[in-house]
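The data block below is upload_32.txt; it holds compact mmCIF, C-alpha atoms and all ligand atoms.
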# COMPACT_ATOMS: atom_id res chain seq x y z
CA MET A 878 -4.75 5.71 -102.26
CA SER A 879 -1.50 7.45 -103.06
CA GLY A 880 -0.92 11.12 -103.94
CA PHE A 881 -1.74 14.20 -101.91
CA TYR A 882 -4.73 12.87 -99.93
CA GLY A 883 -2.96 9.56 -99.38
CA PHE A 884 -0.12 11.47 -97.75
CA LEU A 885 -2.48 13.66 -95.70
CA PHE A 886 -4.61 10.87 -94.26
CA GLN A 887 -2.26 7.89 -94.20
CA VAL A 888 1.25 9.25 -93.62
CA TYR A 889 0.84 12.69 -92.00
CA PRO A 890 -0.98 11.35 -88.90
CA TYR A 891 2.03 9.17 -88.04
CA VAL A 892 4.47 12.04 -88.70
CA CYS A 893 2.51 14.27 -86.30
CA PHE A 894 2.09 11.63 -83.64
CA THR A 895 5.77 10.64 -83.72
CA VAL A 896 6.93 14.26 -83.40
CA PHE A 897 4.36 14.77 -80.62
CA LEU A 898 5.60 11.82 -78.54
CA LEU A 899 9.34 11.97 -79.25
CA GLY A 900 9.44 15.78 -79.19
CA SER A 901 7.69 15.88 -75.79
CA LEU A 902 10.05 13.23 -74.41
CA ILE A 903 13.17 15.03 -75.66
CA ARG A 904 12.00 18.41 -74.38
CA PHE A 905 11.19 16.95 -70.97
CA ASP A 906 14.59 15.29 -70.87
CA GLN A 907 16.67 18.17 -72.19
CA ASN A 908 14.93 21.34 -71.12
CA GLN A 909 12.79 20.87 -68.03
CA TYR A 910 12.91 24.53 -66.99
CA SER A 911 10.96 25.38 -70.15
CA TRP A 912 8.29 22.80 -69.30
CA LYS A 913 5.54 25.03 -67.89
CA SER A 914 2.21 26.63 -68.67
CA ASP A 915 3.88 30.05 -68.40
CA SER A 916 0.97 31.69 -66.64
CA SER A 917 0.69 35.44 -67.06
CA GLN A 918 -1.60 35.83 -64.05
CA MET A 919 1.00 37.91 -62.20
CA LEU A 920 1.00 40.48 -65.00
CA ARG A 921 -2.78 40.88 -65.27
CA ALA A 922 -5.35 38.65 -63.60
CA GLY A 923 -8.59 40.33 -64.76
CA THR A 924 -9.68 38.79 -68.04
CA LEU A 925 -7.55 35.72 -67.43
CA ARG A 926 -9.94 34.44 -64.78
CA TRP A 927 -12.94 34.26 -67.12
CA GLY A 928 -10.92 33.61 -70.26
CA SER A 929 -8.78 30.81 -68.93
CA ASN A 930 -11.56 29.07 -67.01
CA LEU A 931 -14.08 29.13 -69.87
CA PHE A 932 -11.40 28.09 -72.33
CA HIS A 933 -10.11 25.19 -70.22
CA VAL A 934 -13.57 23.85 -69.34
CA GLY A 935 -14.54 23.96 -73.02
CA ILE A 936 -11.33 22.53 -74.44
CA LEU A 937 -11.15 19.66 -71.95
CA PHE A 938 -14.75 18.70 -72.72
CA LEU A 939 -14.02 18.88 -76.46
CA PHE A 940 -10.81 16.89 -76.07
CA PHE A 941 -12.45 14.00 -74.23
CA GLY A 942 -15.53 14.26 -76.46
CA HIS A 943 -13.34 13.78 -79.54
CA MET A 944 -11.54 10.83 -77.92
CA VAL A 945 -14.76 9.04 -77.01
CA GLY A 946 -16.55 9.99 -80.22
CA LEU A 947 -13.78 8.99 -82.60
CA PHE A 948 -12.37 5.94 -80.89
CA THR A 949 -15.48 4.10 -79.65
CA PRO A 950 -16.24 1.36 -82.21
CA HIS A 951 -19.76 1.35 -83.63
CA SER A 952 -20.26 -2.19 -82.28
CA VAL A 953 -19.87 -0.85 -78.70
CA TYR A 954 -22.51 1.91 -78.78
CA GLY A 955 -24.63 0.37 -81.58
CA PRO A 956 -26.86 -1.68 -79.18
CA PHE A 957 -27.80 1.51 -77.26
CA MET A 958 -28.10 4.21 -79.90
CA THR A 959 -28.00 4.76 -83.63
CA ALA A 960 -25.16 6.57 -85.36
CA GLY A 961 -27.61 9.42 -86.03
CA THR A 962 -28.41 9.84 -82.32
CA LYS A 963 -24.72 9.85 -81.47
CA GLN A 964 -24.10 12.46 -84.14
CA MET A 965 -26.83 14.73 -82.73
CA LEU A 966 -25.48 14.26 -79.21
CA ALA A 967 -22.05 15.30 -80.46
CA VAL A 968 -23.44 18.33 -82.28
CA VAL A 969 -25.40 19.60 -79.26
CA ALA A 970 -22.86 18.82 -76.51
CA GLY A 971 -19.87 19.74 -78.68
CA GLY A 972 -21.60 22.92 -79.84
CA PHE A 973 -22.21 24.04 -76.25
CA ALA A 974 -18.64 23.27 -75.13
CA GLY A 975 -17.35 24.85 -78.34
CA LEU A 976 -19.16 28.09 -77.54
CA LEU A 977 -17.75 28.24 -73.99
CA CYS A 978 -14.31 27.56 -75.40
CA PHE A 979 -14.76 30.19 -78.10
CA VAL A 980 -15.67 32.91 -75.60
CA GLY A 981 -12.73 31.98 -73.34
CA LEU A 982 -10.21 31.67 -76.15
CA THR A 983 -11.28 34.96 -77.73
CA LEU A 984 -10.80 36.71 -74.36
CA LEU A 985 -7.35 35.14 -73.99
CA LEU A 986 -6.34 36.07 -77.53
CA HIS A 987 -7.63 39.63 -77.19
CA ARG A 988 -5.77 40.09 -73.91
CA ARG A 989 -2.55 38.66 -75.30
CA ILE A 990 -2.56 40.90 -78.36
CA PHE A 991 -4.01 44.15 -77.00
CA ASP A 992 -2.69 44.22 -73.44
CA GLU A 993 0.77 45.74 -73.79
CA ARG A 994 2.24 44.15 -70.68
CA ILE A 995 1.16 40.72 -71.84
CA ARG A 996 2.16 41.23 -75.46
CA HIS A 997 5.66 42.46 -74.63
CA THR A 998 6.36 39.50 -72.37
CA SER A 999 4.91 36.92 -74.79
CA HIS A 1000 7.03 34.55 -76.78
CA PRO A 1001 5.94 34.38 -80.45
CA THR A 1002 4.77 30.79 -79.87
CA ASP A 1003 2.41 31.99 -77.09
CA ILE A 1004 0.51 34.09 -79.61
CA ALA A 1005 0.83 31.44 -82.34
CA VAL A 1006 -0.67 28.74 -80.10
CA LEU A 1007 -3.72 30.87 -79.31
CA LEU A 1008 -4.20 31.78 -82.98
CA VAL A 1009 -3.88 28.16 -84.13
CA LEU A 1010 -6.35 26.96 -81.48
CA TRP A 1011 -8.74 29.79 -82.35
CA VAL A 1012 -8.74 28.96 -86.08
CA GLN A 1013 -9.16 25.24 -85.32
CA LEU A 1014 -12.07 25.96 -82.98
CA VAL A 1015 -13.82 28.28 -85.44
CA VAL A 1016 -13.55 25.73 -88.26
CA GLY A 1017 -14.81 23.07 -85.84
CA LEU A 1018 -17.85 25.25 -85.16
CA ILE A 1019 -18.35 25.75 -88.92
CA THR A 1020 -18.67 21.95 -89.32
CA LEU A 1021 -21.72 21.93 -87.02
CA PRO A 1022 -24.35 22.95 -89.63
CA TYR A 1023 -22.84 20.42 -92.05
CA SER A 1024 -23.16 17.68 -89.44
CA TRP A 1025 -26.72 18.77 -88.71
CA GLN A 1026 -27.52 18.14 -92.38
CA HIS A 1027 -26.05 14.60 -92.17
CA ALA A 1028 -28.35 13.59 -89.34
CA ASP A 1029 -27.85 9.90 -90.21
CA GLY A 1030 -24.30 10.08 -88.79
CA SER A 1031 -22.69 9.03 -92.09
CA VAL A 1032 -19.88 11.63 -91.94
CA MET A 1033 -19.13 10.77 -88.33
CA LEU A 1034 -18.86 7.08 -89.27
CA ILE A 1035 -16.32 7.86 -92.02
CA LEU A 1036 -14.21 10.00 -89.69
CA ALA A 1037 -14.38 7.51 -86.80
CA ASP A 1038 -13.46 4.62 -89.09
CA TRP A 1039 -10.44 6.59 -90.34
CA ALA A 1040 -9.26 7.46 -86.81
CA GLN A 1041 -9.67 3.88 -85.59
CA ARG A 1042 -7.75 2.52 -88.59
CA ILE A 1043 -4.91 4.96 -87.94
CA VAL A 1044 -4.46 3.94 -84.29
CA THR A 1045 -4.72 0.23 -85.13
CA LEU A 1046 -2.18 0.59 -87.97
CA ARG A 1047 -4.59 -0.50 -90.74
CA PRO A 1048 -4.77 1.02 -94.24
CA VAL A 1049 -7.28 3.86 -94.63
CA ASP A 1050 -9.67 4.81 -97.39
CA ALA A 1051 -8.41 8.33 -98.16
CA THR A 1052 -10.87 8.65 -101.10
CA ALA A 1053 -13.86 8.57 -98.73
CA LEU A 1054 -12.31 11.34 -96.63
CA ALA A 1055 -11.29 13.45 -99.62
CA ALA A 1056 -14.96 13.59 -100.69
CA LEU A 1057 -16.05 15.30 -97.43
CA PRO A 1058 -16.83 19.05 -97.33
CA TRP A 1059 -13.78 21.32 -96.84
CA PRO A 1060 -14.37 22.27 -93.18
CA TYR A 1061 -14.00 18.62 -92.12
CA LEU A 1062 -10.80 18.19 -94.14
CA PHE A 1063 -9.32 21.41 -92.78
CA HIS A 1064 -10.33 20.53 -89.21
CA VAL A 1065 -8.78 17.06 -89.39
CA VAL A 1066 -5.49 18.18 -90.98
CA PHE A 1067 -5.11 21.29 -88.82
CA GLY A 1068 -5.97 19.23 -85.74
CA MET A 1069 -3.11 16.84 -86.52
CA THR A 1070 -0.82 19.84 -87.03
CA ILE A 1071 -1.53 20.96 -83.45
CA PHE A 1072 0.02 17.69 -82.28
CA LEU A 1073 3.01 18.47 -84.51
CA LEU A 1074 3.50 21.91 -82.90
CA PHE A 1075 2.72 20.71 -79.38
CA PRO A 1076 6.28 19.91 -78.15
CA PHE A 1077 7.60 23.29 -79.33
CA SER A 1078 5.12 25.39 -77.37
CA ARG A 1079 3.71 25.90 -73.86
CA LEU A 1080 1.16 23.19 -74.71
CA VAL A 1081 3.51 20.68 -73.07
CA HIS A 1082 1.82 21.68 -69.80
CA VAL A 1083 -1.15 19.56 -70.90
CA TRP A 1084 0.89 16.41 -70.15
CA SER A 1085 1.50 17.70 -66.63
CA GLY A 1086 -2.15 18.68 -66.24
CA PHE A 1087 -3.22 15.11 -66.89
CA ALA A 1088 -0.37 13.74 -64.77
CA THR A 1089 -1.71 15.59 -61.72
CA ILE A 1090 -4.39 12.86 -61.48
CA GLY A 1091 -1.54 10.76 -60.03
CA PHE A 1092 -1.63 13.00 -56.94
CA LEU A 1093 -4.92 11.38 -55.94
CA PHE A 1094 -3.18 8.05 -55.49
CA ARG A 1095 0.21 9.00 -54.11
CA PRO A 1096 1.07 8.18 -50.50
CA TYR A 1097 1.32 10.94 -47.90
CA GLN A 1098 4.69 12.52 -47.66
CA VAL A 1099 6.10 12.12 -44.17
CA VAL A 1100 7.88 15.24 -43.08
CA ARG A 1101 10.23 14.87 -40.10
CA SER A 1102 11.10 18.00 -38.25
CA ARG A 1103 14.82 18.36 -37.60
CA ARG A 1104 14.01 20.63 -34.67
CA LEU A 1105 12.14 17.82 -32.94
CA ASN A 1106 15.08 15.50 -33.45
CA VAL A 1107 13.05 12.36 -34.08
CA PRO A 1108 15.37 9.47 -34.85
CA ALA A 1109 15.13 7.74 -38.24
CA GLY A 1110 12.46 5.08 -38.24
CA TYR A 1111 10.26 6.87 -35.71
CA ASP A 1112 7.12 8.61 -36.87
CA LEU A 1113 6.17 10.42 -33.70
CA PRO A 1114 8.30 11.55 -30.82
CA GLY A 1115 8.36 8.91 -28.14
CA GLN A 1116 6.47 6.32 -30.19
CA PRO A 1117 7.67 3.13 -31.79
CA ALA A 1118 8.22 3.19 -35.52
CA ALA A 1119 5.35 2.23 -37.79
CA VAL A 1120 7.92 0.89 -40.21
CA PRO A 1121 11.02 -0.60 -38.63
CA PRO A 1122 14.26 1.18 -39.51
CA ARG A 1123 16.19 -0.69 -42.19
CA SER A 1124 18.95 -1.75 -39.84
CA VAL A 1125 16.43 -3.23 -37.39
CA ALA A 1126 14.44 -4.99 -40.09
CA ALA A 1127 17.61 -6.49 -41.58
CA SER A 1128 18.76 -7.85 -38.20
CA GLY A 1129 15.38 -9.56 -37.73
CA ALA A 1130 14.88 -7.87 -34.37
CA THR A 1131 11.55 -6.34 -33.36
CA SER A 1132 10.87 -2.80 -34.39
CA ARG A 1133 9.62 -1.98 -30.91
CA PRO A 1134 12.46 -0.56 -28.87
CA THR A 1135 12.58 -1.57 -25.26
CA LYS A 1136 12.90 2.05 -24.30
CA ALA A 1137 11.45 4.96 -26.17
CA PRO A 1138 14.05 7.51 -27.25
CA VAL A 1139 14.19 10.79 -25.46
CA VAL A 1140 12.86 13.66 -27.50
CA PRO A 1141 12.66 17.26 -26.45
CA VAL A 1142 9.15 18.29 -27.50
CA VAL A 1143 6.05 16.31 -28.30
CA SER A 1144 3.95 17.74 -31.05
CA LYS A 1145 2.34 16.74 -34.29
CA ILE A 1146 5.09 16.32 -36.85
CA GLN A 1147 3.31 14.29 -39.49
CA GLU A 1148 2.28 16.98 -41.89
CA ARG A 1149 0.84 17.05 -45.31
CA PRO A 1150 2.91 19.02 -47.79
CA LEU A 1151 1.47 22.39 -48.75
C1 LIG B 1201 -4.99 18.96 -68.51
C2 LIG B 1201 -5.45 19.93 -67.82
C3 LIG B 1201 -4.89 21.34 -67.94
C4 LIG B 1201 -4.40 22.09 -66.93
C5 LIG B 1201 -4.29 21.68 -65.46
C6 LIG B 1201 -3.99 23.36 -67.49
C7 LIG B 1201 -3.44 24.41 -66.77
C8 LIG B 1201 -3.06 25.63 -67.27
C9 LIG B 1201 -2.49 26.71 -66.52
C10 LIG B 1201 -2.22 26.67 -65.01
C11 LIG B 1201 -2.28 27.73 -67.37
C12 LIG B 1201 -1.63 29.07 -67.01
C13 LIG B 1201 -2.63 29.97 -66.38
C14 LIG B 1201 -3.46 30.59 -67.37
O1 LIG B 1201 -2.91 31.35 -68.20
O2 LIG B 1201 -4.65 30.29 -67.33
C15 LIG B 1201 -2.70 27.31 -68.67
C16 LIG B 1201 -2.65 28.10 -69.80
C17 LIG B 1201 -2.96 27.65 -71.07
N1 LIG B 1201 -3.44 26.42 -71.41
FE1 LIG B 1201 -3.83 24.91 -70.14
N2 LIG B 1201 -4.23 23.35 -68.83
C18 LIG B 1201 -4.78 22.12 -69.17
C19 LIG B 1201 -5.19 21.71 -70.43
C20 LIG B 1201 -5.05 22.45 -71.59
C21 LIG B 1201 -5.43 22.02 -72.92
C22 LIG B 1201 -6.08 20.66 -73.25
C23 LIG B 1201 -5.10 23.02 -73.78
C24 LIG B 1201 -5.27 23.11 -75.27
C25 LIG B 1201 -5.06 22.12 -76.08
C26 LIG B 1201 -4.53 24.10 -72.99
C27 LIG B 1201 -4.07 25.30 -73.51
C28 LIG B 1201 -3.61 26.37 -72.78
C29 LIG B 1201 -3.22 27.64 -73.35
C30 LIG B 1201 -3.25 28.01 -74.82
C31 LIG B 1201 -2.83 28.44 -72.27
C32 LIG B 1201 -2.35 29.89 -72.35
C33 LIG B 1201 -3.47 30.85 -72.09
C34 LIG B 1201 -2.97 32.28 -72.09
O3 LIG B 1201 -2.92 32.87 -73.17
O4 LIG B 1201 -2.62 32.78 -71.04
N3 LIG B 1201 -4.51 23.72 -71.68
N4 LIG B 1201 -3.17 26.03 -68.58
Rewritten as structure tokens:
Amino acid sequence: MSGFYGFLFQVYPYVCFTVFLLGSLIRFDQNQYSWKSDSSQMLRAGTLRWGSNLFHVGILFLFFGHMVGLFTPHSVYGPFMTAGTKQMLAVVAGGFAGLLCFVGLTLLLHRRIFDERIRHTSHPTDIAVLLVLWVQLVVGLITLPYSWQHADGSVMLILADWAQRIVTLRPVDATALAALPWPYLFHVVFGMTIFLLFPFSRLVHVWSGFATIGFLFRPYQVVRSRRLNVPAGYDLPGQPAAVPPRSVAASGATSRPTKAPVVPVVSKIQERPL
């Protein structure tokens, strides 16, 4: 399908996704000091605690819910549940998470606009991001009664088929999407626009949030105290090295010295970083 809807559902997703990926990469490369969540906790912690926690719990649930819901092929969940059951699951679970998110986001938005300290120190994009997310969330909640009416899961199948075709670079049937009620169309197009705006706002911190999972698998950082004067290659004062120093390993000699080096104090120097 060509024309307006063809552009919206076949071309626009790739525009948004390309800007999202390339824009994030360029910002990370060119302007790392701006790569932050820009917390305003130091200015006012009160409402932030409830607002931010409710918002983040809700939005993360919704984010992963959308990923699983849209990108799991029908053939994978078909043997266990019907499309209708999956749709109802999405309505109930998504509705609950959506409500948590709504309360949190409304608190954050209220605080950002009506708290003078926060408003004066906000960049225009800080307010814009909250407004855009709020509108997207409200329209998402408006789709719930529509989805409840399509208890057979037919709308969900159309949307999931579209999303899966986009990520697998296959042509989409924009006519089927164009026939859906307006809240779905708005939600899909506005949702893609969030990806478009992502690299130009504080939302870049989401990449870092997900990247922190890497901390679970990283090795301990060995911190050697200069005060204790432990020679390179030695992990504890007076003990042989766990890993032979490079020079020793290269010469093929044993890592165990015949005589332990003299060190002034013996104490625990293997520390975890704060
Ligand atoms: C991946 C895990 C995430 C982590 C670890 C994380 C962490 C943070 C932190 C530390 C802050 C600053 C403190 C605060 O104001 O609460 C923040 C703020 C914010 N985050 Fe996230 N975040 C994550 C995911 C997300 C997602 C998925 C979104 C939305 C798409 C999001 C949107 C926001 C917004 C809009 C703010 C500003 C709130 C305000 O007005 O102060 N975050 N986040």
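Interatomic distance, atom CA of Thr983 of chain A against atom C32 of ligand LIG 1201 (chain B): 11.6 Å.
Nearest to ligand LIG 1201 (chain B) of all the residues A:Leu1054, A:Val1099, A:Leu1008, A:Ala1040 is A:Leu1008, based on only C-alpha atoms and all ligand atoms.
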Counting all atoms listed in the file, name the residues that have an atom within 9 Å of an atom of ligand LIG 1201 (chain B); the answer should be given as JSON, numbers by chain.
{"A": [913, 914, 915, 916, 917, 918, 922, 925, 926, 928, 929, 930, 932, 933, 934, 936, 937, 938, 939, 940, 982, 984, 985, 986, 988, 989, 995, 999, 1003, 1004, 1006, 1007, 1010, 1071, 1075, 1079, 1080, 1081, 1082, 1083, 1084, 1085, 1086, 1087, 1088, 1089]}
Dump C-alpha atoms for the selected residues as a JSON list (two decimals), keeping the file's coordinate frame?
[["chain", "number", "residue", "atom", "x", "y", "z"],
["A", 913, "LYS", "CA", 5.54, 25.03, -67.89],
["A", 914, "SER", "CA", 2.21, 26.63, -68.67],
["A", 915, "ASP", "CA", 3.88, 30.05, -68.40],
["A", 916, "SER", "CA", 0.97, 31.69, -66.64],
["A", 917, "SER", "CA", 0.69, 35.44, -67.06],
["A", 918, "GLN", "CA", -1.60, 35.83, -64.05],
["A", 922, "ALA", "CA", -5.35, 38.65, -63.60],
["A", 925, "LEU", "CA", -7.55, 35.72, -67.43],
["A", 926, "ARG", "CA", -9.94, 34.44, -64.78],
["A", 928, "GLY", "CA", -10.92, 33.61, -70.26],
["A", 929, "SER", "CA", -8.78, 30.81, -68.93],
["A", 930, "ASN", "CA", -11.56, 29.07, -67.01],
["A", 932, "PHE", "CA", -11.40, 28.09, -72.33],
["A", 933, "HIS", "CA", -10.11, 25.19, -70.22],
["A", 934, "VAL", "CA", -13.57, 23.85, -69.34],
["A", 936, "ILE", "CA", -11.33, 22.53, -74.44],
["A", 937, "LEU", "CA", -11.15, 19.66, -71.95],
["A", 938, "PHE", "CA", -14.75, 18.70, -72.72],
["A", 939, "LEU", "CA", -14.02, 18.88, -76.46],
["A", 940, "PHE", "CA", -10.81, 16.89, -76.07],
["A", 982, "LEU", "CA", -10.21, 31.67, -76.15],
["A", 984, "LEU", "CA", -10.80, 36.71, -74.36],
["A", 985, "LEU", "CA", -7.35, 35.14, -73.99],
["A", 986, "LEU", "CA", -6.34, 36.07, -77.53],
["A", 988, "ARG", "CA", -5.77, 40.09, -73.91],
["A", 989, "ARG", "CA", -2.55, 38.66, -75.30],
["A", 995, "ILE", "CA", 1.16, 40.72, -71.84],
["A", 999, "SER", "CA", 4.91, 36.92, -74.79],
["A", 1003, "ASP", "CA", 2.41, 31.99, -77.09],
["A", 1004, "ILE", "CA", 0.51, 34.09, -79.61],
["A", 1006, "VAL", "CA", -0.67, 28.74, -80.10],
["A", 1007, "LEU", "CA", -3.72, 30.87, -79.31],
["A", 1010, "LEU", "CA", -6.35, 26.96, -81.48],
["A", 1071, "ILE", "CA", -1.53, 20.96, -83.45],
["A", 1075, "PHE", "CA", 2.72, 20.71, -79.38],
["A", 1079, "ARG", "CA", 3.71, 25.90, -73.86],
["A", 1080, "LEU", "CA", 1.16, 23.19, -74.71],
["A", 1081, "VAL", "CA", 3.51, 20.68, -73.07],
["A", 1082, "HIS", "CA", 1.82, 21.68, -69.80],
["A", 1083, "VAL", "CA", -1.15, 19.56, -70.90],
["A", 1084, "TRP", "CA", 0.89, 16.41, -70.15],
["A", 1085, "SER", "CA", 1.50, 17.70, -66.63],
["A", 1086, "GLY", "CA", -2.15, 18.68, -66.24],
["A", 1087, "PHE", "CA", -3.22, 15.11, -66.89],
["A", 1088, "ALA", "CA", -0.37, 13.74, -64.77],
["A", 1089, "THR", "CA", -1.71, 15.59, -61.72]]
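For the set A:Asn1106, A:Thr1070, A:Ser952, A:Thr924, the residue with the smallest atom-to-atom gap to Thr895 of chain A is A:Thr1070, counting only C-alpha atoms.
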Which residues come within 12 Å of segment 1019-1027 of chain A, counting all atoms listed in the file, excluding same-chain residues fewer than 6 positions away, as an NGL selection string?
:A and (960-973 or 975-976 or 1012-1013 or 1033-1036 or 1057-1065)
Can you write out the residues you just picked, keeping C-alpha atoms, as a CSV table (one decimal), keeping the file's coordinate frame?
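Saved result, again13.csv, follows:
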chain,number,residue,atom,x,y,z
A,960,ALA,CA,-25.2,6.6,-85.4
A,961,GLY,CA,-27.6,9.4,-86.0
A,962,THR,CA,-28.4,9.8,-82.3
A,963,LYS,CA,-24.7,9.8,-81.5
A,964,GLN,CA,-24.1,12.5,-84.1
A,965,MET,CA,-26.8,14.7,-82.7
A,966,LEU,CA,-25.5,14.3,-79.2
A,967,ALA,CA,-22.0,15.3,-80.5
A,968,VAL,CA,-23.4,18.3,-82.3
A,969,VAL,CA,-25.4,19.6,-79.3
A,970,ALA,CA,-22.9,18.8,-76.5
A,971,GLY,CA,-19.9,19.7,-78.7
A,972,GLY,CA,-21.6,22.9,-79.8
A,973,PHE,CA,-22.2,24.0,-76.2
A,975,GLY,CA,-17.4,24.8,-78.3
A,976,LEU,CA,-19.2,28.1,-77.5
A,1012,VAL,CA,-8.7,29.0,-86.1
A,1013,GLN,CA,-9.2,25.2,-85.3
A,1033,MET,CA,-19.1,10.8,-88.3
A,1034,LEU,CA,-18.9,7.1,-89.3
A,1035,ILE,CA,-16.3,7.9,-92.0
A,1036,LEU,CA,-14.2,10.0,-89.7
A,1057,LEU,CA,-16.0,15.3,-97.4
A,1058,PRO,CA,-16.8,19.0,-97.3
A,1059,TRP,CA,-13.8,21.3,-96.8
A,1060,PRO,CA,-14.4,22.3,-93.2
A,1061,TYR,CA,-14.0,18.6,-92.1
A,1062,LEU,CA,-10.8,18.2,-94.1
A,1063,PHE,CA,-9.3,21.4,-92.8
A,1064,HIS,CA,-10.3,20.5,-89.2
A,1065,VAL,CA,-8.8,17.1,-89.4
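With atom CA of Gly880 of chain A on one side and atom CA of Gly1068 of chain A on the other, the separation reads 20.6 Å.
With all atoms listed in the file as the atoms that count, the minimum distance from Cys893 of chain A to the choices A:Phe991, A:Ser1078, A:Phe1072, A:Arg1104 is reached by A:Phe1072.
With all atoms listed in the file as the atoms that count, the minimum distance from Leu899 of chain A to the choices A:Tyr882, A:Phe1077, A:Phe957, A:Phe1094 is reached by A:Phe1077.
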Using all atoms listed in the file, the shortest atom-to-atom distance to Ala1053 of chain A among A:Arg1103, A:Phe886, A:Val980, A:Leu1073 belongs to A:Phe886
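Proximity to Ala1028 of chain A was assessed for A:Gln909, A:Val892, A:Thr959, A:Ser901 counting all atoms listed in the file; the smallest distance is recorded for A:Thr959.
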Phe948 of chain A: which residues within 6 Å, counting all atoms listed in the file, same-chain residues fewer than 3 positions away excluded, as a PyMOL selection string?
chain A and resi 944-945+1041
So that I can look at just that part, could you write segment 1028-1082 of chain A with C-alpha atoms, as a short mmCIF file (atom, residue, chain, number, x, y, z; two decimals), in the first residue's frame?
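The resulting file, decode.cif, is reproduced below:
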data_model
loop_
_atom_site.label_atom_id
_atom_site.label_comp_id
_atom_site.auth_asym_id
_atom_site.auth_seq_id
_atom_site.Cartn_x
_atom_site.Cartn_y
_atom_site.Cartn_z
CA ALA A 1028 -11.83 -10.74 23.04
CA ASP A 1029 -10.90 -13.08 20.16
CA GLY A 1030 -7.48 -11.38 19.93
CA SER A 1031 -7.99 -10.34 16.30
CA VAL A 1032 -6.60 -6.81 16.75
CA MET A 1033 -3.60 -8.11 18.64
CA LEU A 1034 -2.87 -10.56 15.80
CA ILE A 1035 -2.91 -7.74 13.23
CA LEU A 1036 -0.57 -5.58 15.31
CA ALA A 1037 1.80 -8.46 16.13
CA ASP A 1038 1.93 -9.53 12.48
CA TRP A 1039 2.81 -5.96 11.48
CA ALA A 1040 5.57 -5.66 14.11
CA GLN A 1041 7.08 -9.03 13.18
CA ARG A 1042 7.06 -8.15 9.48
CA ILE A 1043 8.83 -4.86 10.21
CA VAL A 1044 11.68 -6.47 12.15
CA THR A 1045 12.08 -9.26 9.59
CA LEU A 1046 12.11 -6.74 6.71
CA ARG A 1047 8.97 -8.11 5.00
CA PRO A 1048 6.26 -6.00 3.32
CA VAL A 1049 3.33 -5.07 5.59
CA ASP A 1050 -0.39 -4.85 5.00
CA ALA A 1051 -0.98 -1.19 5.89
CA THR A 1052 -4.67 -1.44 4.85
CA ALA A 1053 -5.40 -3.86 7.72
CA LEU A 1054 -3.80 -1.46 10.20
CA ALA A 1055 -5.49 1.63 8.76
CA ALA A 1056 -8.89 0.02 9.48
CA LEU A 1057 -8.21 -0.21 13.25
CA PRO A 1058 -9.83 2.24 15.70
CA TRP A 1059 -7.96 5.56 16.14
CA PRO A 1060 -6.45 4.90 19.60
CA TYR A 1061 -4.45 1.95 18.21
CA LEU A 1062 -3.20 3.99 15.24
CA PHE A 1063 -2.23 6.92 17.45
CA HIS A 1064 -0.54 4.63 19.98
CA VAL A 1065 1.52 2.84 17.33
CA VAL A 1066 2.64 6.01 15.51
CA PHE A 1067 3.32 8.00 18.67
CA GLY A 1068 5.17 5.03 20.14
CA MET A 1069 7.51 4.98 17.13
CA THR A 1070 7.99 8.73 17.53
CA ILE A 1071 9.32 8.16 21.06
CA PHE A 1072 12.14 6.14 19.51
CA LEU A 1073 12.75 9.06 17.14
CA LEU A 1074 13.08 11.54 20.04
CA PHE A 1075 15.00 9.14 22.27
CA PRO A 1076 18.60 10.13 21.35
CA PHE A 1077 17.86 13.84 21.85
CA SER A 1078 16.60 13.52 25.42
CA ARG A 1079 17.55 12.11 28.82
CA LEU A 1080 15.96 8.83 27.69
CA VAL A 1081 19.43 7.71 26.60
CA HIS A 1082 19.88 6.59 30.22
#
